[in-house]
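Coordinates as given in my_file09.txt (compact mmCIF, C-alpha atoms):
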# COMPACT_ATOMS: atom_id res chain seq x y z
CA MET J 1426 -21.89 50.40 20.35
CA VAL J 1427 -21.28 51.95 16.94
CA ALA J 1428 -20.82 49.69 13.93
CA THR J 1429 -17.23 48.53 13.42
CA SER J 1430 -15.77 45.86 11.13
CA ASN J 1431 -17.09 43.30 13.61
CA GLY J 1432 -20.39 45.16 13.67
CA VAL J 1433 -20.69 44.55 9.93
CA VAL J 1434 -20.76 40.83 10.65
CA VAL J 1435 -23.57 41.20 13.19
CA ARG J 1436 -25.51 43.38 10.76
CA LEU J 1437 -25.04 40.71 8.10
CA ALA J 1438 -26.63 38.21 10.47
CA CYS J 1439 -29.62 40.48 10.86
CA ALA J 1440 -29.85 41.38 7.19
CA VAL J 1441 -29.87 37.82 5.92
CA GLY J 1442 -32.93 37.20 8.06
CA LEU J 1443 -34.76 38.90 5.21
CA MET J 1444 -34.33 35.67 3.25
CA ALA J 1445 -36.28 33.75 5.87
CA TRP J 1446 -39.61 35.03 4.57
CA ALA J 1447 -41.77 32.07 3.54
CA ALA J 1448 -45.29 31.75 2.20
CA ALA J 1449 -47.51 29.57 0.07
CA ALA J 1450 -47.54 29.96 -3.71
CA ILE J 1451 -47.92 33.63 -4.70
CA SER J 1452 -50.06 34.90 -7.53
CA GLN J 1453 -50.35 38.33 -9.06
CA SER J 1454 -53.74 38.77 -7.36
CA ASP J 1455 -52.31 38.46 -3.84
CA SER J 1456 -52.78 41.42 -1.53
CA PRO J 1457 -50.19 42.81 0.91
CA ARG J 1458 -52.26 41.28 3.72
CA SER J 1459 -52.20 37.79 2.23
CA LEU J 1460 -48.46 38.00 1.51
CA LEU J 1461 -47.68 39.07 5.07
CA GLU J 1462 -50.05 36.57 6.67
CA ARG J 1463 -48.59 33.70 4.65
CA ALA J 1464 -45.06 34.85 5.42
CA SER J 1465 -45.85 35.06 9.13
CA GLU J 1466 -47.40 31.59 9.20
CA ALA J 1467 -44.69 29.86 7.17
CA ARG J 1468 -41.43 31.31 8.52
CA SER J 1469 -40.37 27.86 9.67
CA SER J 1470 -41.41 25.95 6.53
CA TYR J 1471 -38.38 25.87 4.27
CA SER J 1472 -34.82 24.56 4.55
CA PHE J 1473 -32.28 25.41 1.88
CA VAL J 1474 -28.66 26.00 0.91
CA GLY J 1475 -27.85 29.07 -1.14
CA GLU J 1476 -25.58 31.95 -2.01
CA PHE J 1477 -26.42 35.64 -1.76
CA ILE J 1478 -24.89 39.09 -1.77
CA TYR J 1479 -25.31 41.77 0.87
CA GLN J 1480 -24.67 45.32 -0.33
CA TYR J 1481 -24.43 48.27 2.06
CA GLY J 1482 -23.14 51.65 1.00
CA GLY J 1483 -20.32 51.04 -1.45
CA ASP J 1484 -19.41 47.60 -0.07
CA ILE J 1485 -20.59 44.16 -1.20
CA GLU J 1486 -20.30 40.91 0.77
CA SER J 1487 -20.96 37.47 -0.70
CA MET J 1488 -22.07 34.64 1.58
CA ARG J 1489 -23.18 31.02 1.53
CA ILE J 1490 -26.02 30.02 3.84
CA TRP J 1491 -27.26 26.72 5.27
CA ARG J 1492 -30.74 27.22 6.73
CA ALA J 1493 -32.71 24.56 8.60
CA ALA J 1494 -36.36 25.32 9.40
CA ASN J 1495 -38.47 23.24 11.74
CA PRO J 1496 -42.00 24.24 12.89
CA GLU J 1497 -41.31 22.81 16.36
CA THR J 1498 -37.69 23.77 17.07
CA GLY J 1499 -37.44 26.95 14.99
CA ILE J 1500 -34.73 28.12 12.62
CA ARG J 1501 -30.98 27.45 12.63
CA GLU J 1502 -28.51 28.96 10.19
CA ARG J 1503 -24.83 28.91 9.35
CA LEU J 1504 -23.35 31.59 7.11
CA GLU J 1505 -19.88 31.43 5.57
CA SER J 1506 -18.14 34.40 3.96
CA LEU J 1507 -17.13 33.92 0.33
CA SER J 1508 -15.35 37.28 0.01
CA GLY J 1509 -13.11 39.36 2.22
CA GLU J 1510 -11.92 38.01 5.55
CA SER J 1511 -12.82 34.48 6.56
CA ARG J 1512 -15.70 34.39 9.07
CA GLU J 1513 -18.81 32.49 10.06
CA ILE J 1514 -22.16 33.44 11.56
CA LEU J 1515 -24.28 30.91 13.45
CA ARG J 1516 -27.83 31.82 14.37
CA ASP J 1517 -30.75 30.15 16.16
CA ASN J 1518 -33.81 31.37 18.05
CA GLU J 1519 -31.72 32.44 21.03
CA THR J 1520 -28.36 33.75 19.86
CA VAL J 1521 -26.22 35.06 17.02
CA THR J 1522 -22.60 33.83 17.15
CA CYS J 1523 -19.88 35.39 14.98
CA ILE J 1524 -16.52 33.60 14.56
CA LEU J 1525 -13.80 36.02 13.46
CA PRO J 1526 -10.43 34.35 12.75
CA SER J 1527 -8.74 37.64 11.85
CA SER J 1528 -9.13 38.89 15.44
CA GLU J 1529 -9.20 35.40 17.00
CA SER J 1530 -12.52 36.20 18.67
CA VAL J 1531 -16.02 34.83 19.04
CA MET J 1532 -18.91 37.26 19.57
CA VAL J 1533 -22.13 35.86 21.05
CA ASP J 1534 -25.19 38.12 20.99
CA GLU J 1535 -27.97 36.86 23.27
CA ARG J 1536 -29.99 40.05 23.21
CA ARG J 1537 -32.32 39.16 20.33
CA LEU J 1538 -33.08 42.86 20.02
CA GLN J 1539 -32.19 43.26 16.35
CA ARG J 1540 -34.50 40.63 14.98
CA PRO J 1541 -34.64 39.93 11.25
CA LEU J 1542 -37.27 41.89 9.33
CA ASP J 1543 -39.41 38.80 8.82
CA ALA J 1544 -39.60 38.23 12.58
CA ARG J 1545 -40.67 41.74 13.49
CA LEU J 1546 -43.01 42.63 10.62
CA PRO J 1547 -46.67 42.16 11.62
CA GLY J 1548 -48.81 39.78 9.61
CA ASN J 1549 -51.54 42.44 9.62
CA PRO J 1550 -50.58 45.42 7.44
CA ASP J 1551 -53.10 47.57 9.32
CA ALA J 1552 -50.62 47.59 12.21
CA LEU J 1553 -48.20 49.55 10.01
CA GLN J 1554 -50.67 52.35 9.42
CA PRO J 1555 -50.43 55.32 9.34
CA ASN J 1556 -46.63 55.18 8.97
CA TYR J 1557 -46.37 53.01 5.84
CA GLN J 1558 -48.24 52.32 2.62
CA LEU J 1559 -48.15 48.74 1.24
CA GLU J 1560 -48.59 47.83 -2.41
CA VAL J 1561 -48.12 44.70 -4.54
CA ALA J 1562 -46.00 46.21 -7.31
CA GLY J 1563 -45.92 43.55 -10.04
CA GLN J 1564 -43.73 40.73 -11.25
CA GLY J 1565 -39.98 40.27 -11.70
CA ARG J 1566 -37.18 37.70 -11.77
CA VAL J 1567 -34.46 36.97 -9.22
CA ALA J 1568 -31.92 34.12 -9.48
CA GLY J 1569 -33.70 33.06 -12.66
CA ARG J 1570 -37.03 32.59 -10.86
CA PRO J 1571 -40.34 34.47 -11.24
CA THR J 1572 -41.09 36.75 -8.30
CA THR J 1573 -43.78 39.11 -6.98
CA ARG J 1574 -42.68 42.45 -5.50
CA LEU J 1575 -44.15 44.07 -2.40
CA ASN J 1576 -43.42 47.75 -1.73
CA ILE J 1577 -43.54 49.11 1.83
CA ASP J 1578 -43.32 52.88 1.44
CA ALA J 1579 -42.78 55.26 4.34
CA ARG J 1580 -45.36 58.05 4.51
CA ASP J 1581 -42.80 60.56 5.83
CA ASP J 1582 -39.03 61.08 6.04
CA LEU J 1583 -38.69 59.65 9.57
CA ARG J 1584 -38.29 56.04 8.44
CA TYR J 1585 -37.14 53.99 5.46
CA GLY J 1586 -39.10 52.08 2.84
CA TYR J 1587 -38.62 48.48 1.73
CA ARG J 1588 -38.77 46.56 -1.56
CA LEU J 1589 -39.35 42.80 -1.22
CA TRP J 1590 -39.28 40.22 -4.03
CA PHE J 1591 -40.99 36.89 -3.20
CA ASP J 1592 -40.40 33.67 -5.13
CA ASP J 1593 -43.68 32.79 -6.87
CA GLU J 1594 -43.25 29.04 -6.35
CA THR J 1595 -42.22 28.89 -2.71
CA GLY J 1596 -42.84 32.36 -1.28
CA LEU J 1597 -39.23 32.68 -0.12
CA LEU J 1598 -37.88 36.21 -0.19
CA LEU J 1599 -35.15 36.29 -2.83
CA ARG J 1600 -34.35 40.01 -2.80
CA ALA J 1601 -34.86 42.85 -0.33
CA GLU J 1602 -33.89 46.51 -0.43
CA VAL J 1603 -33.92 49.29 2.17
CA VAL J 1604 -34.83 52.58 0.48
CA SER J 1605 -34.19 56.14 1.71
CA PRO J 1606 -36.86 58.87 1.61
CA LEU J 1607 -35.18 60.07 -1.61
CA GLY J 1608 -35.47 56.64 -3.23
CA GLU J 1609 -31.80 55.71 -2.82
CA VAL J 1610 -31.11 52.01 -2.18
CA LEU J 1611 -29.13 51.92 1.08
CA GLU J 1612 -28.89 48.16 1.57
CA ARG J 1613 -29.64 45.17 -0.61
CA VAL J 1614 -29.83 41.44 0.06
CA MET J 1615 -30.20 39.33 -3.09
CA VAL J 1616 -30.10 35.58 -3.57
CA LEU J 1617 -27.95 34.41 -6.47
CA SER J 1618 -28.80 30.71 -6.17
CA PHE J 1619 -30.52 28.37 -3.74
CA GLU J 1620 -31.44 24.71 -3.40
CA LEU J 1621 -34.41 23.56 -1.33
CA ARG J 1622 -33.66 20.68 1.05
CA GLU J 1623 -35.92 18.37 3.01
CA GLN J 1624 -33.50 18.77 5.89
CA ILE J 1625 -30.03 20.11 6.68
CA ASP J 1626 -27.56 17.84 8.50
CA THR J 1627 -26.64 19.15 11.94
CA ASP J 1628 -22.91 19.03 11.15
CA GLN J 1629 -23.51 21.50 8.31
CA LEU J 1630 -24.98 23.93 10.86
CA ALA J 1631 -21.97 23.73 13.20
CA SER J 1632 -18.93 25.95 12.86
CA GLN J 1633 -16.25 24.71 10.47
CA LEU J 1634 -13.60 27.14 11.75
CA PRO J 1635 -11.09 26.40 14.54
CA GLN J 1636 -11.73 28.41 17.73
CA ALA J 1637 -9.04 27.19 20.14
CA GLY J 1638 -7.63 30.11 22.10
CA TYR J 1639 -10.12 32.62 20.72
CA ALA J 1640 -11.39 35.37 23.03
CA ARG J 1641 -15.12 35.04 23.69
CA MET J 1642 -17.41 38.05 24.19
CA THR J 1643 -21.09 37.72 25.13
CA THR J 1644 -23.79 40.37 25.02
CA ASN J 1645 -27.13 39.67 26.70
CA SER J 1646 -30.22 41.38 28.04
CA GLN J 1647 -30.28 39.69 31.43
CA ALA J 1648 -30.80 41.98 34.39
CA PRO J 1649 -27.48 42.98 36.00
CA ASP J 1650 -26.64 41.57 39.40
CA ASP J 1651 -26.75 43.70 42.57
CA ALA J 1652 -23.13 44.78 42.24
CA GLN J 1653 -23.63 45.87 38.64
CA SER J 1654 -26.85 47.66 39.52
CA SER J 1655 -25.05 49.61 42.22
CA ALA J 1656 -22.31 50.49 39.75
CA GLY J 1657 -24.96 51.76 37.35
CA GLN J 1658 -26.75 54.01 39.81
CA GLY J 1659 -27.72 57.33 38.30
CA LEU J 1660 -28.73 55.85 34.96
CA ASP J 1661 -32.40 55.59 35.96
CA GLN J 1662 -32.86 59.34 35.79
CA TRP J 1663 -33.53 59.55 32.06
CA SER J 1664 -36.66 59.94 29.96
CA LEU J 1665 -37.52 60.75 26.34
CA ASN J 1666 -39.63 63.74 25.35
CA ALA J 1667 -40.95 64.85 21.95
CA LEU J 1668 -40.33 61.54 20.14
CA PRO J 1669 -40.53 61.43 16.33
CA GLU J 1670 -44.11 61.01 15.11
CA GLY J 1671 -45.33 57.40 15.09
CA TYR J 1672 -42.66 56.09 17.49
CA ALA J 1673 -43.26 54.93 21.06
CA LEU J 1674 -41.01 53.73 23.89
CA THR J 1675 -40.88 49.90 23.95
CA MET J 1676 -37.92 49.21 26.27
CA ASN J 1677 -36.20 50.85 29.24
CA GLN J 1678 -33.70 48.67 31.12
CA MET J 1679 -30.18 48.32 32.44
CA GLN J 1680 -27.99 46.11 30.26
CA PRO J 1681 -24.43 44.74 30.51
CA LEU J 1682 -22.30 45.11 27.38
CA PRO J 1683 -18.97 43.48 26.49
CA GLY J 1684 -15.97 45.65 27.23
CA ARG J 1685 -17.89 47.66 29.82
CA ASP J 1686 -17.24 47.41 33.58
CA LYS J 1687 -20.63 48.92 34.38
CA PRO J 1688 -24.06 48.29 32.85
CA VAL J 1689 -25.60 50.87 30.53
CA ARG J 1690 -29.13 52.21 30.28
CA HIS J 1691 -30.86 50.99 27.12
CA LEU J 1692 -33.99 52.69 25.80
CA MET J 1693 -35.70 51.53 22.60
CA ILE J 1694 -38.43 53.14 20.53
CA SER J 1695 -40.32 51.57 17.61
CA ASP J 1696 -43.08 52.30 15.11
CA GLY J 1697 -43.90 48.59 14.75
CA LEU J 1698 -41.27 48.01 12.05
CA ALA J 1699 -38.38 50.46 12.41
CA SER J 1700 -36.64 50.84 15.78
CA VAL J 1701 -34.01 53.05 17.42
CA SER J 1702 -31.87 52.07 20.42
CA LEU J 1703 -30.52 54.73 22.78
CA TYR J 1704 -27.60 53.76 25.04
CA ILE J 1705 -26.57 55.94 28.00
CA GLU J 1706 -23.44 55.47 30.11
CA SER J 1707 -20.96 57.43 32.16
CA GLN J 1708 -18.44 59.35 30.07
CA ASP J 1709 -15.54 57.76 31.98
CA GLN J 1710 -16.19 54.38 30.30
CA ALA J 1711 -17.77 55.49 27.03
CA ASP J 1712 -16.31 55.81 23.55
CA PRO J 1713 -16.53 59.56 22.87
CA ILE J 1714 -18.96 60.20 20.01
CA ASP J 1715 -20.24 63.63 19.04
CA GLY J 1716 -22.52 64.03 16.06
CA SER J 1717 -23.55 61.56 13.38
CA ARG J 1718 -22.14 58.34 11.91
CA GLN J 1719 -23.47 56.18 9.03
CA MET J 1720 -22.92 52.72 7.58
CA GLY J 1721 -25.37 51.70 4.88
CA ALA J 1722 -28.89 52.07 6.29
CA LEU J 1723 -27.57 52.24 9.87
CA ASN J 1724 -27.30 55.72 11.38
CA ALA J 1725 -25.99 56.78 14.78
CA TYR J 1726 -25.91 60.07 16.65
CA GLY J 1727 -23.97 60.74 19.85
CA ARG J 1728 -24.07 63.55 22.39
CA ALA J 1729 -22.69 64.31 25.85
CA LEU J 1730 -25.10 65.31 28.58
CA ASP J 1731 -24.42 66.03 32.27
CA GLY J 1732 -21.35 63.80 32.47
CA TYR J 1733 -22.88 60.98 30.42
CA GLN J 1734 -22.49 59.77 26.83
CA ALA J 1735 -25.67 58.98 24.89
CA ILE J 1736 -25.82 57.40 21.44
CA ALA J 1737 -28.91 56.66 19.35
CA VAL J 1738 -28.53 53.87 16.74
CA GLY J 1739 -31.02 52.49 14.23
CA GLU J 1740 -31.86 51.61 10.64
CA VAL J 1741 -33.67 54.90 10.18
CA PRO J 1742 -32.74 58.24 8.58
CA ALA J 1743 -30.04 60.34 10.23
CA ALA J 1744 -32.54 63.02 11.24
CA THR J 1745 -34.55 60.45 13.20
CA VAL J 1746 -31.67 59.22 15.37
CA GLU J 1747 -30.62 62.83 15.97
CA ARG J 1748 -34.13 63.69 17.14
CA VAL J 1749 -34.17 60.67 19.46
CA ALA J 1750 -30.80 61.58 20.99
CA ASN J 1751 -31.90 65.19 21.47
CA ALA J 1752 -35.19 64.07 23.06
CA LEU J 1753 -33.24 62.66 26.02
CA THR J 1754 -33.78 64.59 29.26
CA THR J 1755 -33.23 64.05 32.98
CA ASN J 1756 -36.21 63.36 35.21
structure tokens encoding of this file:
Amino acid sequence: MVATSNGVVVRLACAVGLMAWAAAAISQSDSPRSLLERASEARSSYSFVGEFIYQYGGDIESMRIWRAANPETGIRERLESLSGESREILRDNETVTCILPSSESVMVDERRLQRPLDARLPGNPDALQPNYQLEVAGQGRVAGRPTTRLNIDARDDLRYGYRLWFDDETGLLLRAEVVSPLGEVLERVMVLSFELREQIDTDQLASQLPQAGYARMTTNSQAPDDAQSSAGQGLDQWSLNALPEGYALTMNQMQPLPGRDKPVRHLMISDGLASVSLYIESQDQADPIDGSRQMGALNAYGRALDGYQAIAVGEVPAATVERVANALTTN
């Protein structure tokens, strides 16, 4: 449940969703509300092929993307690595599929819990109050194109801020940064080049890598069957007290995970933009984790409690995931 080399690929799939922002033409007089409303309305408006970089911590990945947008059927994407190990990411409205030749495996994530930023950000900026302050911060250039920048600044140190650069002609997001409370850029997605297309051929959206003999692992949020539920008895005894300010519980369910014989308890809290997942399972099947871990903007904190392992994970500051993990109590 903590980010690994394979987890980087899944995080890439989520991060590149930042590029899916779409709006009508942007002018310097646009307000945060108009930018967000246009982006929300036009997510499925643009198809393109492009190249971008994804920077997290001290690492940089370069990728090529084929993105097909259809107002009726939604968005489909194929991403191909241009650096490091060969891999592909396929994404649609239902699943994220990662093909990893180095480990001869295919990972299919059907949970849809880590949605791209554009899918989870409200069109109404009032919904982000009082946790964030939004400001149109001027003009710039990305990939040789004029852009307008939107700042989403956290009002406290319990969440991150965001910097978003929108293409003036199309409204597509060409650059996005996750910023720490100290102003440090923790993650960056930036388009280097892109070409708008009327449509993307379906064969360009299908995997180009051989998968014969690959192990296939699927993660989903379907309710466990009766046998799994029985195996997971005892995990319904948990609750969260003294949550970080501005966060509220949005999910509490049993969930099967790949590599686990028994389902785990999954709690999620959110402030409307940032979210933290808390996984609880018996120590006899858990990966032992004590204390904090970090990869880019992703932080995790693990603790043992009454024979169980709990780990809080989210794109929030380390102090926030630690507070969430320590808020866990038995009923």
Worksheet item: For the atom pair CA of Ser1487 in chain J and CA of Ser1511 in chain J, what is the interatomic distance in Å to one decimal place?
Response: 11.3 Å
Discussion item. As an exercise, work out the distance from CA of Ala1729 in chain J to CA of Ala1752 in chain J in Å and give it to one decimal place.
Written reply: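 Straight-line distance from CA of Ala1729 in chain J to CA of Ala1752 in chain J works out to 12.8 Å.
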Discussion item. What's the separation between CA of Ala1494 in chain J and CA of Leu1515 in chain J, in Å to one decimal place?
Written reply: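 Between these atoms lies a distance of 13.9 Å.
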Item to complete: Quick one: everything within 8 Å of Tyr1672 in chain J, counting all atoms listed in the file, minus sequence neighbours fewer than 6 positions away in the same chain. Send it as an NGL selection string.
Response: :J and (1694-1696)
Worksheet item: Out of J:Ser1605, J:Thr1573, J:Thr1520, J:Ser1528, which residue has the shortest atom-to-atom distance to Gln1636 in chain J when counting all atoms listed in the file?
Response: J:Ser1528
Item to complete: Have a look at J:Leu1630, J:Leu1559, J:Leu1553, J:Met1532 and name the one nearest to Arg1492 in chain J; count all atoms listed in the file.
Response: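 Between J:Leu1630, J:Leu1559, J:Leu1553, J:Met1532, the residue approaching Arg1492 in chain J most closely is J:Leu1630.
Among the candidate residues J:Ala1673, J:Met1720, J:Leu1753, J:Ala1568, the one lying nearest to Gln1734 in chain J is J:Leu1753, with distances computed using all atoms listed in the file.
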Fill in: Point (-32.8, 25.1, -5.3) neighbourhood (12 Å, only C-alpha atoms) written as number ranges by chain
J: 1471-1476, 1568-1570, 1592, 1594-1595, 1597, 1599, 1616-1623
Discussion item. Set the distance at 7 Å and use all atoms listed in the file: which residues neighbour Val1531 in chain J once local chain neighbours fewer than 5 positions away are removed? I'd like the list as a PyMOL selection string.
Written reply: chain J and resi 1522-1525+1639-1642
Item to complete: Determine the nearest neighbour of Ile1705 in chain J from the options J:Tyr1726, J:Tyr1733, J:Tyr1557, J:Tyr1479, counting all atoms listed in the file.
Response: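 For Ile1705 in chain J, the nearest of the candidates is J:Tyr1733.
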Discussion item. My list of candidates is J:Ala1711, J:Leu1698, J:Leu1692, J:Ala1552. Which is closest to Val1738 in chain J when distances are computed with all atoms listed in the file?
Written reply: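 Of the candidates, the smallest distance to Val1738 in chain J is held by J:Leu1692.
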Worksheet item: Hey, what's within 10 Å of Leu1607 in chain J if we count all atoms listed in the file and toss same-chain stuff fewer than 6 positions away? As number ranges by chain, please?
Response: J: 1582, 1585-1586
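The residue that comes closest to Tyr1587 in chain J, out of J:Ile1490, J:Leu1674, J:Ala1722, J:Ile1736 and on the basis of all atoms listed in the file, is J:Ala1722.
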Practice prompt. Please provide as an NGL selection string all residues within 12 Å of Ile1577 in chain J, with the sequence filter that same-chain residues fewer than 4 positions apart are discarded (counting only C-alpha atoms).
Written response: :J and (1457-1458 or 1461 or 1546 or 1550 or 1553-1562 or 1584-1590 or 1601-1606 or 1698-1699)
Step by step, gather every atom of range 1604-1619 of chain J that the file lists, find the box along x, y and z that holds them, add 6 Å on each side, and finally give centre and edge lengths in Å to one decimal, as JSON.
{"center_x": -32.4, "center_y": 44.2, "center_z": -2.4, "size_x": 20.9, "size_y": 43.7, "size_z": 20.2}
Fill in: Ala1735 in chain J surroundings by only C-alpha atoms, 7 Å radius, close-in-sequence under 5 positions cut, as a list of chain:residue names
J:Leu1703, J:Tyr1704, J:Ile1705, J:Glu1706, J:Gly1727, J:Arg1728, J:Ala1729, J:Ala1750
Using only C-alpha atoms, what residues lie at most 8 Å away from (-34.5, 62.0, 27.1) (file coordinates), given as an mmCIF file with C-alpha atoms, in the coordinates of the input?
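Final output, selection05.cif:
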data_model
loop_
_atom_site.group_PDB
_atom_site.id
_atom_site.type_symbol
_atom_site.label_atom_id
_atom_site.label_comp_id
_atom_site.auth_asym_id
_atom_site.auth_seq_id
_atom_site.Cartn_x
_atom_site.Cartn_y
_atom_site.Cartn_z
ATOM 1 C CA TRP J 1663 -33.530 59.550 32.060
ATOM 2 C CA SER J 1664 -36.660 59.940 29.960
ATOM 3 C CA LEU J 1665 -37.520 60.750 26.340
ATOM 4 C CA ASN J 1666 -39.630 63.740 25.350
ATOM 5 C CA VAL J 1749 -34.170 60.670 19.460
ATOM 6 C CA ALA J 1750 -30.800 61.580 20.990
ATOM 7 C CA ASN J 1751 -31.900 65.190 21.470
ATOM 8 C CA ALA J 1752 -35.190 64.070 23.060
ATOM 9 C CA LEU J 1753 -33.240 62.660 26.020
ATOM 10 C CA THR J 1754 -33.780 64.590 29.260
ATOM 11 C CA THR J 1755 -33.230 64.050 32.980
#
